[in-house]
Amino acid sequence: MQHFYDGQIRRYVTQMVRLMSNFSYKDSQDNLVTVPVMYGDITRQVGSILRDNSENKLPSVPRMGVYIGGLETDNTRISDSSFVSKKHIREQKYNADTQTYEGIQGKNYTVERLHPTPYILNLNVDLWTSNTDQKLQLMEQILVLFNPTLEIQTTDNYIDWTSLTTVSISNINFSSRTIPVGTESEIDVSSMAFTVPIYISPPVKVKKLGVITNIIASIHDESKGTIEVDLSTPQLDAWDDSIVIGRVDRNGNETYEASNNTNVTTISYENQGVYVEGNSIQLIYKGKVGTVDWRTLFEAMPGTYEPGVSQIHLRRLDYQDVEYSIVGTFSLNPLDETKISVNWDGDSLPDNTVITGPAGDRSNVDYIIDPATTGTSALNLSSTTPRVLILNPIGDIVNEDGPDTWKNQDGTDFVAQANDIIEWDGTNWHVVFDASANDSSTDVVYITNLTTSKQYRWNNSEWLLSVDGEYPRGTWRLAL
């Protein structure tokens, strides 16, 4: 066993000294004099110093001395020695710079305590007096406190389950003198014996609070097993456990797409999901967005929330059912604690796809527009060569005269389909990504809109937001 020492018995002696302190007697001049208390079992060196290295100097009286009279096992209080008590502790956050406690949760711990060993501690208190009147004054003040016991507390530690105990008088020896006294000037000593039931505890194990925050439970596939359908229906419930991601529809609005998972169900704290919109994330609880503040979640999670350091991890699937994780550091919105602001780690996002065009190779677009409502006047074609993702078709191969705003510089019509990516080379428009020719491709295409800094991916039928959208329970987690 490794060495340890916590001064447990010493604390009981110290409390006994404090218990006997501040008693006083009234002298012949009606002055109140406080009686000093000392630890009785002093060393020879200390005793020599108190006597000024002289055998002729007597200790002053009155005074009290406290010392240990005995220590024995209390078999009546022995219980299961293998019992372990676990206590989960959540501290209030302490600001070392201002040396004050803040009104939020700090560090979290789990404390494992082994059952302590019970003992009976016998303490003696010797009362030295020079006359009977001093002794009676002091004993009357002391004895009235024990009716029959007096409770003491050795520590104010919240997790110390042995801090409280009682002190009771077991014996009183009124005087050390014999009758008749005679002419000797021996100091009269009155002894009081006290009994204190105590516990001696082994060291506790303190570790970082461990709380399960994400459960992934394997659900048996009934199409391949023998589980009764009446008793288990994971396939019927699997839709609620799917990863949901955003997409852009024909009108430029964001909707969502589900990717079903039939064999795995996932669980988050209180079954909450998250809704991601750009760099802002809100909690989803019971189908409602933004009804629960993030601070409540932080206090229930292990670790300590650190603005700009704590991370959020999102798990999602691409259309080929390949799973990857998106990571970002976040800070709580000071104006609305139902939102956190996220700084996404660019390395965790999928790499954009390089698309070759007449103006060069690029992996992004400048704009996403609806050509039916937006013309080229906002694109500054005279000085730039923009690359644009269009949401609706431009022109038609059977139409001999298409929209003038989208004609080439020589007046010829330009034709492109919805979801195509087009690029201006200075004189003509070109289709650099043909959506109709990529409706069955096995390659995932990612691009970023430079105007909004949002990333999109092509799923062979439409462009989807690669991060934004709803992430249900189990598809996200926090790392505080």
# chains A, B, ... in the order shown; residues from 1 in each chain; ligands from 1

$ residues_around --residues "Asp27 (chain A)" --least-positions-apart "3" --cutoff "12 Å" --atoms "only C-alpha atoms" --output "PyMOL selection string"
chain A and resi 24+30-35+62+130-131+133-135+137

$ closest_residue --among "A:Ser436, A:Thr451, A:Gln141, A:Ser190" --to "Ile369 (chain A)" --atoms "only C-alpha atoms"
A:Thr451

$ atom_distance --atom1 "CA of Asn408 (chain A)" --atom2 "CA of Asn364 (chain A)"
22.6 Å

$ closest_residue --among "A:Ile200, A:Val276, A:Ala479, A:Ile172" --to "Lys454 (chain A)" --atoms "only C-alpha atoms"
A:Val276

$ atom_distance --atom1 "CA of Tyr109 (chain A)" --atom2 "CA of Lys207 (chain A)"
5.6 Å

$ select_by_dssp --residues "region 298-421 of chain A" --states "strand (DSSP E)" --output "number ranges by chain"
A: 311-317, 323-332, 339-344, 355-357, 360-362, 364-365, 367-369, 387-390, 421

$ residues_around --residues "Ser21 (chain A)" --least-positions-apart "5" --cutoff "12 Å" --atoms "only C-alpha atoms" --output "JSON, numbers by chain"
{"A": [14, 15, 16, 34, 35, 36, 37, 38, 39, 63, 64, 65, 66, 125, 138, 141, 142]}

$ write_last_selection --atoms "N, CA and C atoms" --output "PDB file, in the first residue's frame"
ATOM      1  N   THR A  14      -7.543  17.946  18.046  1.00  0.00           N
ATOM      2  CA  THR A  14      -7.617  19.396  17.869  1.00  0.00           C
ATOM      3  C   THR A  14      -9.000  19.921  18.236  1.00  0.00           C
ATOM      4  N   GLN A  15     -10.041  19.210  17.817  1.00  0.00           N
ATOM      5  CA  GLN A  15     -11.397  19.633  18.164  1.00  0.00           C
ATOM      6  C   GLN A  15     -11.634  19.559  19.669  1.00  0.00           C
ATOM      7  N   MET A  16     -11.029  18.585  20.314  1.00  0.00           N
ATOM      8  CA  MET A  16     -11.174  18.487  21.776  1.00  0.00           C
ATOM      9  C   MET A  16     -10.484  19.657  22.468  1.00  0.00           C
ATOM     10  N   THR A  34      -9.002  33.829  31.380  1.00  0.00           N
ATOM     11  CA  THR A  34      -9.179  32.672  30.493  1.00  0.00           C
ATOM     12  C   THR A  34      -8.124  31.623  30.801  1.00  0.00           C
ATOM     13  N   VAL A  35      -8.565  30.364  30.873  1.00  0.00           N
ATOM     14  CA  VAL A  35      -7.672  29.264  31.201  1.00  0.00           C
ATOM     15  C   VAL A  35      -7.066  28.710  29.912  1.00  0.00           C
ATOM     16  N   PRO A  36      -5.754  28.677  29.788  1.00  0.00           N
ATOM     17  CA  PRO A  36      -5.130  28.122  28.575  1.00  0.00           C
ATOM     18  C   PRO A  36      -5.276  26.612  28.507  1.00  0.00           C
ATOM     19  N   VAL A  37      -5.315  26.101  27.249  1.00  0.00           N
ATOM     20  CA  VAL A  37      -5.414  24.661  27.003  1.00  0.00           C
ATOM     21  C   VAL A  37      -4.227  24.246  26.156  1.00  0.00           C
ATOM     22  N   MET A  38      -3.598  23.139  26.510  1.00  0.00           N
ATOM     23  CA  MET A  38      -2.441  22.643  25.776  1.00  0.00           C
ATOM     24  C   MET A  38      -2.570  21.145  25.565  1.00  0.00           C
ATOM     25  N   TYR A  39      -1.838  20.666  24.576  1.00  0.00           N
ATOM     26  CA  TYR A  39      -1.794  19.225  24.361  1.00  0.00           C
ATOM     27  C   TYR A  39      -0.910  18.621  25.437  1.00  0.00           C
ATOM     28  N   ARG A  63      -4.605  25.637  34.331  1.00  0.00           N
ATOM     29  CA  ARG A  63      -4.484  25.303  32.922  1.00  0.00           C
ATOM     30  C   ARG A  63      -5.070  23.927  32.709  1.00  0.00           C
ATOM     31  N   MET A  64      -5.336  23.600  31.423  1.00  0.00           N
ATOM     32  CA  MET A  64      -5.890  22.278  31.087  1.00  0.00           C
ATOM     33  C   MET A  64      -4.994  21.595  30.076  1.00  0.00           C
ATOM     34  N   GLY A  65      -4.892  20.301  30.183  1.00  0.00           N
ATOM     35  CA  GLY A  65      -4.120  19.502  29.234  1.00  0.00           C
ATOM     36  C   GLY A  65      -4.969  18.399  28.633  1.00  0.00           C
ATOM     37  N   VAL A  66      -4.905  18.262  27.304  1.00  0.00           N
ATOM     38  CA  VAL A  66      -5.672  17.252  26.576  1.00  0.00           C
ATOM     39  C   VAL A  66      -4.699  16.239  25.987  1.00  0.00           C
ATOM     40  N   VAL A 125      -8.761  14.812  29.810  1.00  0.00           N
ATOM     41  CA  VAL A 125      -8.542  16.237  30.050  1.00  0.00           C
ATOM     42  C   VAL A 125      -8.147  16.411  31.517  1.00  0.00           C
ATOM     43  N   LEU A 138     -14.463  25.978  37.028  1.00  0.00           N
ATOM     44  CA  LEU A 138     -14.209  25.425  35.693  1.00  0.00           C
ATOM     45  C   LEU A 138     -15.035  24.173  35.433  1.00  0.00           C
ATOM     46  N   GLN A 141     -18.718  24.846  34.518  1.00  0.00           N
ATOM     47  CA  GLN A 141     -18.916  25.319  33.144  1.00  0.00           C
ATOM     48  C   GLN A 141     -18.785  24.187  32.131  1.00  0.00           C
ATOM     49  N   ILE A 142     -17.908  23.229  32.429  1.00  0.00           N
ATOM     50  CA  ILE A 142     -17.651  22.134  31.489  1.00  0.00           C
ATOM     51  C   ILE A 142     -18.717  21.058  31.581  1.00  0.00           C
TER      52      ILE A 142
END

$ residues_around --residues "region 83-96 of chain A" --least-positions-apart "2" --cutoff "6 Å" --atoms "only C-alpha atoms" --output "list in words"
Asp80, Ser81, Thr98, Gln99, Thr100, Tyr101, Glu102, Ile104, Gln105, Gly106, Lys107, Asn108, Tyr109, Thr110, Val111, Glu112, Arg113, Leu114 and His115 of chain A
